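J.: The structure under discussion is supplied below as structure tokens; questions concerning it will follow.
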Amino acid sequence: MGSSCLVRVLIFSIMPATSNKPYRVGRSKTGLGLFATKPIKKGTRIIRYFGPILDSRIPEHDEIENKYLFELNGRWTIDGSVRKNLARYINHSCRPNAESDVRPRERKVFIRAIRNIEPGDEINYDYGTDYFKAYLKPIGCKCDSCEKKRKKLRAEARAESAKVKARAERKAQKAGAKTTATKKKKLNGKHFPGKVGRAKA
Ligand SMILES: [Zn+2]
């Protein structure tokens with residue numbers, strides 16, 4: 001029994017750490033992201049967001065500033081900028097397939113699937129309103145949901161301007177026809193007053 005345990009330990013230490021994890025770091029639209037390599041069922045805890053715990057009451061801690069800070073509450077923050085914290089690669093989405101399960105008392109954060117995730121899907125969660133306002137709104141959110149919304153708006157704007165243009169063209173055409181008609185009449189009147197008069201009579 002002891003030896004089989006040892007074998008298992010050996011196998012685990014030989015195997016690359018990522019092999020049994022359902023995700024990998026990969027290239028995303030905005031840089032790097034975390035992608036599913038196996039189906040992940042809704043409700044599954046995917047990965048822990050971890051790093052040194054910062055205490056806002058300690059001035060040196062309070063001064064630390066990077067974009068991987070995860071605030072647990074008014075006092076405690078996780079500094080997720082450490083290399084081993086692969087969860088830091090997870091990008092924001094306004095329509096995510098995962099969420100952050102924040103446990104302030106344990107000072108832990110887990111990322112959990114809120115939908116079934118397929119291999120190849122990028123894993124996303126909503127970073128929250130504060131982050132969105134501070135970092136994403138100024139540059140425009142690049143998540144799929146926002147890109148789709150923008151695309152739709154652009155298409156609608158294009159359709160609307162095409163409609164306006166068509167209307168203007170029709171109007172111009174009508175006006176043109178009218179002008180030509182008026183001109184013709186005038187010309188006719190000027191050059192062949194008699195003829196017009198006779199034709200009418
Ligand atoms: Zn978005």
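Starting from 1 in every chain, residues are counted up; chains themselves are A, B, ... following the order of the structure tokens, and ligands are numbered from 1 as listed.
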Within 12 Å of ligand 1, counting only C-alpha atoms and all ligand atoms: which residues, as a PyMOL selection string?

T.: chain A and resi 91-96+124-129+131-133+135-137+139-150

J.: Using only N, CA and C atoms, please write the residues we just selected to a file, as a short mmCIF file (atom, residue, chain, number, x, y, z; two decimals), in the first residue's frame.

T.:
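Ended up saving to out.cif:
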```
data_model
loop_
_atom_site.label_atom_id
_atom_site.label_comp_id
_atom_site.auth_asym_id
_atom_site.auth_seq_id
_atom_site.Cartn_x
_atom_site.Cartn_y
_atom_site.Cartn_z
N ASN A 91 -9.69 36.80 -18.75
CA ASN A 91 -10.15 38.13 -19.17
C ASN A 91 -11.58 38.41 -18.72
N HIS A 92 -11.89 39.69 -18.74
CA HIS A 92 -13.25 40.13 -18.38
C HIS A 92 -14.22 39.87 -19.53
N SER A 93 -15.45 39.55 -19.18
CA SER A 93 -16.52 39.57 -20.18
C SER A 93 -17.78 40.10 -19.52
N CYS A 94 -18.57 40.84 -20.32
CA CYS A 94 -19.85 41.34 -19.80
C CYS A 94 -20.91 40.23 -19.84
N ARG A 95 -20.61 39.18 -20.61
CA ARG A 95 -21.52 38.03 -20.65
C ARG A 95 -20.68 36.78 -20.45
N PRO A 96 -20.23 36.57 -19.21
CA PRO A 96 -19.19 35.55 -18.95
C PRO A 96 -19.74 34.13 -18.82
N ASN A 124 -14.12 33.33 -19.02
CA ASN A 124 -14.25 34.74 -18.65
C ASN A 124 -15.08 34.89 -17.40
N TYR A 125 -14.85 35.95 -16.68
CA TYR A 125 -15.80 36.34 -15.65
C TYR A 125 -15.93 37.85 -15.65
N ASP A 126 -16.96 38.32 -14.99
CA ASP A 126 -17.23 39.75 -14.95
C ASP A 126 -16.38 40.38 -13.86
N TYR A 127 -15.52 41.32 -14.22
CA TYR A 127 -14.62 41.94 -13.24
C TYR A 127 -15.36 42.89 -12.29
N GLY A 128 -16.58 43.23 -12.62
CA GLY A 128 -17.35 44.10 -11.74
C GLY A 128 -17.35 45.55 -12.21
N THR A 129 -18.31 46.31 -11.67
CA THR A 129 -18.56 47.67 -12.13
C THR A 129 -17.37 48.60 -11.92
N TYR A 131 -14.11 48.04 -11.74
CA TYR A 131 -13.04 47.78 -12.71
C TYR A 131 -13.47 48.25 -14.09
N PHE A 132 -14.70 47.92 -14.45
CA PHE A 132 -15.22 48.28 -15.78
C PHE A 132 -15.13 49.79 -15.99
N LYS A 133 -15.62 50.53 -14.98
CA LYS A 133 -15.62 52.00 -15.10
C LYS A 133 -14.22 52.56 -15.19
N TYR A 135 -11.19 50.95 -15.95
CA TYR A 135 -10.23 50.47 -16.96
C TYR A 135 -10.82 50.16 -18.33
N LEU A 136 -12.06 49.70 -18.36
CA LEU A 136 -12.60 49.22 -19.65
C LEU A 136 -13.42 50.27 -20.38
N LYS A 137 -14.23 51.01 -19.65
CA LYS A 137 -15.08 52.00 -20.30
C LYS A 137 -14.25 53.03 -21.08
N ILE A 139 -11.48 52.76 -22.66
CA ILE A 139 -10.89 52.28 -23.92
C ILE A 139 -11.89 51.46 -24.73
N GLY A 140 -13.07 51.21 -24.17
CA GLY A 140 -14.07 50.41 -24.86
C GLY A 140 -13.85 48.94 -24.56
N CYS A 141 -14.85 48.29 -24.00
CA CYS A 141 -14.71 46.88 -23.65
C CYS A 141 -14.61 46.04 -24.92
N LYS A 142 -13.63 45.11 -24.92
CA LYS A 142 -13.40 44.30 -26.14
C LYS A 142 -14.00 42.90 -26.01
N CYS A 143 -14.83 42.68 -25.02
CA CYS A 143 -15.39 41.33 -24.85
C CYS A 143 -16.34 41.01 -26.00
N ASP A 144 -16.57 39.72 -26.24
CA ASP A 144 -17.40 39.27 -27.37
C ASP A 144 -18.76 39.94 -27.36
N SER A 145 -19.35 40.02 -26.17
CA SER A 145 -20.69 40.57 -26.05
C SER A 145 -20.71 42.04 -26.49
N CYS A 146 -19.72 42.81 -26.06
CA CYS A 146 -19.66 44.23 -26.44
C CYS A 146 -19.30 44.39 -27.91
N GLU A 147 -18.41 43.52 -28.42
CA GLU A 147 -18.05 43.58 -29.84
C GLU A 147 -19.30 43.34 -30.69
N LYS A 148 -20.09 42.33 -30.28
CA LYS A 148 -21.32 42.01 -31.02
C LYS A 148 -22.27 43.19 -30.99
N LYS A 149 -22.41 43.79 -29.80
CA LYS A 149 -23.31 44.93 -29.64
C LYS A 149 -22.88 46.08 -30.57
N ARG A 150 -21.55 46.33 -30.56
CA ARG A 150 -21.01 47.40 -31.41
C ARG A 150 -21.26 47.11 -32.89
#
```

J.: Show me, as a PDB file with C-alpha atoms, in the first residue's frame, the residues that have an atom within 7 Å of range 66-71 of chain A when counting only C-alpha atoms, minus same-chain residues fewer than 6 positions from it.

T.:
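To be explicit, this is the file written out as result.pdb:
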```pdb
ATOM      1  CA  THR A  77      -6.927  42.352  -1.104  1.00  0.00           C
ATOM      2  CA  ILE A  78      -5.286  39.506  -3.010  1.00  0.00           C
ATOM      3  CA  ASP A  79      -2.261  40.522  -5.040  1.00  0.00           C
ATOM      4  CA  GLY A  80      -2.744  38.194  -7.983  1.00  0.00           C
ATOM      5  CA  SER A  81       0.268  39.435  -9.952  1.00  0.00           C
ATOM      6  CA  ARG A  88      -4.776  36.249 -13.607  1.00  0.00           C
TER       7      ARG A  88
END
```

J.: Which residues, written as a compact mmCIF listing (two decimals) with N, CA and C atoms, in the first residue's frame, have at least one atom at most 9 Å from Asn85 in chain A, with only C-alpha atoms counted and residues fewer than 4 positions away on the same chain left out?

T.:
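Saved result, selection07.txt, follows:
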```txt
# COMPACT_ATOMS: atom_id res chain seq x y z
N ARG A 48 -8.28 28.59 -8.62
CA ARG A 48 -8.26 29.55 -7.53
C ARG A 48 -7.48 30.78 -7.95
N TYR A 49 -7.99 31.94 -7.62
CA TYR A 49 -7.27 33.20 -7.86
C TYR A 49 -6.48 33.46 -6.59
N PHE A 50 -5.16 33.37 -6.67
CA PHE A 50 -4.41 33.47 -5.42
C PHE A 50 -3.19 34.37 -5.53
N GLY A 51 -2.64 34.70 -4.38
CA GLY A 51 -1.46 35.55 -4.28
C GLY A 51 -1.35 36.06 -2.87
N GLY A 80 -2.78 39.33 -7.06
CA GLY A 80 -2.74 38.19 -7.98
C GLY A 80 -1.67 38.30 -9.06
N SER A 81 -0.74 39.24 -8.89
CA SER A 81 0.27 39.43 -9.95
C SER A 81 1.37 38.38 -9.96
N TYR A 89 -4.79 35.35 -15.87
CA TYR A 89 -4.93 35.45 -17.33
C TYR A 89 -6.39 35.50 -17.78
```

J.: Any idea what the distance is between CA of Gly26 in chain A and CA of Glu122 in chain A?

T.: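 CA of Glu122 in chain A lies 8.8 Å from CA of Gly26 in chain A.
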
J.: Residues of range 58-107 of chain A classed as alpha helix (DSSP H) by DSSP on the backbone are to be reported as a PyMOL selection string.

T.: chain A and resi 59-63

J.: Calculated over only C-alpha atoms, which of the candidates A:Lys84, A:Val102, A:Thr44, A:Asp55 has the smallest distance to Leu72 in chain A?

T.: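 Closest to Leu72 in chain A, using only C-alpha atoms: A:Val102.
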
J.: Using CA of Leu86 in chain A and CA of Ala113 in chain A as the two end points, give the distance in Å to one decimal.

T.: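 Computing the Euclidean distance for CA of Leu86 in chain A and CA of Ala113 in chain A yields 15.9 Å.
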
J.: One number please: CA of Lys21 in chain A to CA of Thr37 in chain A, in Å, one decimal.

T.: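 Between CA of Lys21 in chain A and CA of Thr37 in chain A the gap is 8.0 Å.
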
J.: Between A:Lys108, A:Leu34, A:Ala175, A:Ala168, single out the one closest to Pro52 in chain A, counting only C-alpha atoms.

T.: A:Lys108
